[in-house]
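Following: one structure in structure tokens, then a few remarks.
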Amino acid sequence: PVRLVAISGSIRRASHCTAVLRSLHPLLPPTATLELFPLDEVPMYNADLDGDTPPAPVAALKAAIASADGLVICSPEYNYGIPGVLKNAIDWASRPGFASPLKGKPALVMTASPGTAGGVRAQAQIRDALAATLARSLVRQHIAIAGVAARIQDGRLTDAPTLEFIQAGLVDLLDEIRGLRAARQPQA
Ligand code: FNR
């Protein structure tokens, strides 16, 4: 079995990004699970609160990432960049530096926007922030969903070409997880 954790960079109820993440289950093989971790309750990063017993939502976030085989992120772009909500969560999850639950974690990064650029500028920043944590963002064509509002119906992504493109990303993610598992097997 493969456990994936989904993280949306938007915490509003009608978020397009969360809708995209909620639409992925049918694209996964039956052996894989995908659970959404909402960032609503994660407080602002404060090193004074960081340590062995961080705030409960932070501990839950870090535990969810630690127990996951991989991450699926979908985020909007705010003012040409990464939303504070998502950056804040990455910052919490990144500690202790270079030895955090994010280290070595395969991650499929997607962005979505009602606009024409699909959030590519934010995507570059998300990938950069993940690189600082030693997470493994997949090297593949960027999944940047432009005009996302028109591709969603009743809270689900219904646009077939977009679903197909995302599915290829999920296949890459599962391949990466399988490869890492194989590499961890003791050599004969
Ligand atoms: C935006 N939006 C936006 N869109 C974009 O493509 N590039 C941008 O730089 C911005 N900047 C921006 C700043 C702020 C503060 C807000 C609130 C919004 C629009 C944004 O893509 C849109 O609101 C999305 O619907 C947000 O994603 P969710 O919440 O639907 O997932």
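In the structure tokens, chains take the letters A, B, ... in the order shown, each chain's residues start at 1, and ligands count up from 1 in the order shown.
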(message) Show me which residues line ligand 1, defined as having an atom within 9 Å of a ligand atom where only C-alpha atoms and all ligand atoms count, and present them as a PyMOL selection string.
(response) chain A and resi 8-20+74-83+111-122+146+148-149
(request) Identify, with DSSP run on backbone atoms, the residues in stretch 29-152 of chain A assigned to helix (DSSP H, G or I), and express the list as a PyMOL selection string. (result) chain A and resi 47-49+56-67+84-93+120-132+148-151
Resulting file, chosen residues, N, CA and C atoms, as a CSV table (one decimal), in the first residue's frame:
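So selection38.csv came out as:
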```csv
chain,number,residue,atom,x,y,z
A,47,ALA,N,9.4,30.2,16.3
A,47,ALA,CA,10.5,29.3,16.8
A,47,ALA,C,10.4,29.1,18.3
A,48,ASP,N,9.7,30.1,19.0
A,48,ASP,CA,9.6,29.9,20.4
A,48,ASP,C,8.6,28.7,20.7
A,49,LEU,N,7.7,28.4,19.8
A,49,LEU,CA,6.8,27.3,20.0
A,49,LEU,C,7.3,26.0,19.4
A,56,ALA,N,-0.5,21.5,18.6
A,56,ALA,CA,-1.1,20.2,18.2
A,56,ALA,C,-1.3,20.1,16.7
A,57,PRO,N,-1.8,21.2,16.0
A,57,PRO,CA,-2.0,21.0,14.5
A,57,PRO,C,-0.6,20.9,13.8
A,58,VAL,N,0.4,21.4,14.4
A,58,VAL,CA,1.7,21.3,13.7
A,58,VAL,C,2.2,19.9,13.9
A,59,ALA,N,2.1,19.3,15.1
A,59,ALA,CA,2.5,18.0,15.4
A,59,ALA,C,1.7,17.0,14.5
A,60,ALA,N,0.4,17.3,14.3
A,60,ALA,CA,-0.4,16.4,13.4
A,60,ALA,C,0.1,16.5,12.0
A,61,LEU,N,0.4,17.7,11.5
A,61,LEU,CA,0.9,17.9,10.2
A,61,LEU,C,2.2,17.1,10.0
A,62,LYS,N,3.1,17.3,10.9
A,62,LYS,CA,4.4,16.6,10.8
A,62,LYS,C,4.2,15.1,10.8
A,63,ALA,N,3.3,14.6,11.7
A,63,ALA,CA,3.1,13.2,11.8
A,63,ALA,C,2.5,12.6,10.4
A,64,ALA,N,1.6,13.4,9.9
A,64,ALA,CA,0.9,13.0,8.6
A,64,ALA,C,2.0,12.9,7.5
A,65,ILE,N,2.9,13.9,7.5
A,65,ILE,CA,3.9,13.9,6.4
A,65,ILE,C,4.9,12.7,6.7
A,66,ALA,N,5.3,12.5,8.0
A,66,ALA,CA,6.2,11.5,8.3
A,66,ALA,C,5.7,10.1,7.9
A,67,SER,N,4.4,9.9,8.1
A,67,SER,CA,3.8,8.6,7.8
A,67,SER,C,3.4,8.4,6.4
A,84,GLY,N,1.0,32.5,1.8
A,84,GLY,CA,1.5,32.4,3.1
A,84,GLY,C,1.1,31.1,3.9
A,85,VAL,N,-0.1,30.7,3.7
A,85,VAL,CA,-0.6,29.5,4.3
A,85,VAL,C,0.2,28.3,4.0
A,86,LEU,N,0.6,28.1,2.8
A,86,LEU,CA,1.4,27.0,2.4
A,86,LEU,C,2.9,27.1,2.8
A,87,LYS,N,3.4,28.3,2.6
A,87,LYS,CA,4.8,28.5,3.0
A,87,LYS,C,5.0,28.3,4.5
A,88,ASN,N,4.0,28.8,5.3
A,88,ASN,CA,4.0,28.6,6.7
A,88,ASN,C,4.0,27.1,7.1
A,89,ALA,N,3.2,26.4,6.4
A,89,ALA,CA,3.2,24.9,6.7
A,89,ALA,C,4.5,24.2,6.3
A,90,ILE,N,5.0,24.6,5.2
A,90,ILE,CA,6.3,24.0,4.8
A,90,ILE,C,7.4,24.4,5.8
A,91,ASP,N,7.3,25.7,6.3
A,91,ASP,CA,8.3,26.1,7.3
A,91,ASP,C,8.2,25.3,8.6
A,92,TRP,N,7.0,25.1,9.1
A,92,TRP,CA,6.9,24.2,10.3
A,92,TRP,C,7.4,22.8,10.0
A,93,ALA,N,7.0,22.3,8.9
A,93,ALA,CA,7.3,20.9,8.6
A,93,ALA,C,8.8,20.7,8.3
A,120,VAL,N,2.1,29.3,-12.3
A,120,VAL,CA,3.5,28.9,-12.5
A,120,VAL,C,4.5,29.6,-11.6
A,121,ARG,N,4.2,30.9,-11.4
A,121,ARG,CA,5.2,31.6,-10.6
A,121,ARG,C,5.2,31.1,-9.1
A,122,ALA,N,4.1,30.8,-8.6
A,122,ALA,CA,4.0,30.2,-7.3
A,122,ALA,C,4.7,28.8,-7.3
A,123,GLN,N,4.4,28.1,-8.4
A,123,GLN,CA,5.0,26.7,-8.4
A,123,GLN,C,6.5,26.7,-8.3
A,124,ALA,N,7.1,27.7,-9.0
A,124,ALA,CA,8.6,27.8,-8.9
A,124,ALA,C,9.0,28.0,-7.5
A,125,GLN,N,8.3,28.9,-6.8
A,125,GLN,CA,8.6,29.2,-5.4
A,125,GLN,C,8.4,28.0,-4.5
A,126,ILE,N,7.3,27.2,-4.7
A,126,ILE,CA,7.0,26.0,-3.9
A,126,ILE,C,8.1,25.0,-4.1
A,127,ARG,N,8.5,24.8,-5.3
A,127,ARG,CA,9.6,23.8,-5.6
A,127,ARG,C,10.9,24.3,-4.9
A,128,ASP,N,11.2,25.6,-4.9
A,128,ASP,CA,12.4,26.1,-4.3
A,128,ASP,C,12.4,25.9,-2.8
A,129,ALA,N,11.2,26.2,-2.2
A,129,ALA,CA,11.1,26.0,-0.7
A,129,ALA,C,11.2,24.5,-0.4
A,130,LEU,N,10.6,23.6,-1.2
A,130,LEU,CA,10.8,22.2,-0.9
A,130,LEU,C,12.2,21.7,-1.1
A,131,ALA,N,12.9,22.3,-2.1
A,131,ALA,CA,14.3,22.0,-2.3
A,131,ALA,C,15.1,22.3,-1.0
A,132,ALA,N,14.8,23.4,-0.3
A,132,ALA,CA,15.5,23.8,0.9
A,132,ALA,C,15.3,22.7,2.0
A,148,VAL,N,-8.9,27.3,-14.1
A,148,VAL,CA,-9.3,26.2,-13.3
A,148,VAL,C,-10.9,26.2,-13.1
A,149,ALA,N,-11.4,27.4,-12.9
A,149,ALA,CA,-12.8,27.5,-12.6
A,149,ALA,C,-13.7,26.8,-13.6
A,150,ALA,N,-13.4,26.9,-14.8
A,150,ALA,CA,-14.2,26.3,-15.9
A,150,ALA,C,-14.0,24.8,-16.0
A,151,ARG,N,-13.0,24.3,-15.3
A,151,ARG,CA,-12.7,22.9,-15.4
A,151,ARG,C,-13.3,22.1,-14.2
```
Strand (DSSP E) per DSSP on the backbone: members of stretch 29-166 of chain A, as an mmCIF file with C-alpha atoms, in the first residue's frame:
```
data_model
loop_
_atom_site.group_PDB
_atom_site.id
_atom_site.type_symbol
_atom_site.label_atom_id
_atom_site.label_comp_id
_atom_site.auth_asym_id
_atom_site.auth_seq_id
_atom_site.Cartn_x
_atom_site.Cartn_y
_atom_site.Cartn_z
ATOM 1 C CA ALA A 32 -2.986 3.833 -2.826
ATOM 2 C CA THR A 33 -4.745 6.157 -0.390
ATOM 3 C CA LEU A 34 -4.843 9.943 -0.532
ATOM 4 C CA GLU A 35 -5.813 11.893 2.564
ATOM 5 C CA LEU A 36 -6.273 15.637 2.674
ATOM 6 C CA GLY A 70 4.538 10.948 -0.765
ATOM 7 C CA LEU A 71 2.894 14.359 -0.942
ATOM 8 C CA VAL A 72 0.488 15.836 -3.446
ATOM 9 C CA ILE A 73 0.342 19.610 -3.247
ATOM 10 C CA CYS A 74 -2.068 21.884 -5.101
ATOM 11 C CA SER A 75 -1.802 25.584 -4.478
ATOM 12 C CA PRO A 106 8.624 12.582 -2.927
ATOM 13 C CA ALA A 107 6.251 15.417 -3.797
ATOM 14 C CA LEU A 108 4.004 16.116 -6.750
ATOM 15 C CA VAL A 109 3.545 19.866 -6.948
ATOM 16 C CA MET A 110 0.602 21.378 -8.799
ATOM 17 C CA THR A 111 -0.767 24.891 -9.019
ATOM 18 C CA ALA A 112 -4.109 26.142 -10.265
ATOM 19 C CA ARG A 136 12.034 15.424 -3.691
ATOM 20 C CA SER A 137 9.792 17.447 -6.011
ATOM 21 C CA ILE A 143 1.164 20.787 -13.699
ATOM 22 C CA ALA A 144 -0.135 24.342 -13.774
ATOM 23 C CA ILE A 145 -3.882 24.384 -14.286
ATOM 24 C CA ILE A 152 -14.544 22.232 -12.092
ATOM 25 C CA GLN A 153 -18.163 21.212 -11.689
ATOM 26 C CA ARG A 156 -14.872 18.187 -8.658
ATOM 27 C CA LEU A 157 -12.358 18.541 -11.443
#
```
(request) Identify, on the basis of only C-alpha atoms, every residue whose closest approach to A:Arg178 does not exceed 12 Å; exclude the query and any residue fewer than 5 positions from it along the same chain; express the result as a ChimeraX atom specification. (result) /A:1-3,32,69-70,106,171-173,183-185
Export, as a PDB file, in the first residue's frame, the selected residues with C-alpha atoms.
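What landed in result-v8.pdb:
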```
ATOM      1  CA  PRO A   1       0.000   0.000   0.000  1.00  0.00           C
ATOM      2  CA  VAL A   2       1.006   3.572  -0.668  1.00  0.00           C
ATOM      3  CA  ARG A   3      -0.073   6.462   1.564  1.00  0.00           C
ATOM      4  CA  ALA A  32      -2.986   3.833  -2.826  1.00  0.00           C
ATOM      5  CA  ASP A  69       5.043   7.824   1.278  1.00  0.00           C
ATOM      6  CA  GLY A  70       4.538  10.948  -0.765  1.00  0.00           C
ATOM      7  CA  PRO A 106       8.624  12.582  -2.927  1.00  0.00           C
ATOM      8  CA  VAL A 171       2.086   7.701 -12.038  1.00  0.00           C
ATOM      9  CA  ASP A 172       5.458   9.470 -11.801  1.00  0.00           C
ATOM     10  CA  LEU A 173       4.943   9.929  -8.057  1.00  0.00           C
ATOM     11  CA  ALA A 183      16.698   1.310  -3.252  1.00  0.00           C
ATOM     12  CA  ARG A 184      16.159   0.948   0.512  1.00  0.00           C
ATOM     13  CA  GLN A 185      16.054  -2.861   0.329  1.00  0.00           C
TER      14      GLN A 185
END
```
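Proximity to A:Thr162 was assessed for A:Leu39, A:Asp52, A:Gly147, A:Pro96 counting only C-alpha atoms; the smallest distance is recorded for A:Gly147.
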(message) Using only C-alpha atoms for the distances, tell me which of A:Arg22, A:Pro101, A:Ile7, A:Asp40 is nearest to A:Asp154.
(response)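 For A:Asp154, the nearest of the candidates is A:Arg22.
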(request) Find the residue from A:Gly155, A:Pro43, A:Pro38, A:Gly51 that sits nearest to A:Ser23; use only C-alpha atoms when measuring. (result)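 Among A:Gly155, A:Pro43, A:Pro38, A:Gly51, it is A:Gly155 that comes nearest to A:Ser23.
Across A:Leu138, A:Ala160, A:Ala182, A:Leu28, the tightest approach to A:Lys105 is made by A:Leu138 when counting only C-alpha atoms.
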(request) Could you tell me which of A:Ala135, A:Leu4, A:Asp50, A:Ser94 comes closest to A:Leu24 if we count only C-alpha atoms? (result) A:Leu4
(message) Considering only C-alpha atoms, can you say which of A:Pro30, A:His142, A:Pro55, A:Ala6 comes closest to A:Val42?
(response)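 Of A:Pro30, A:His142, A:Pro55, A:Ala6, the one nearest A:Val42 is A:Pro55, counting only C-alpha atoms.
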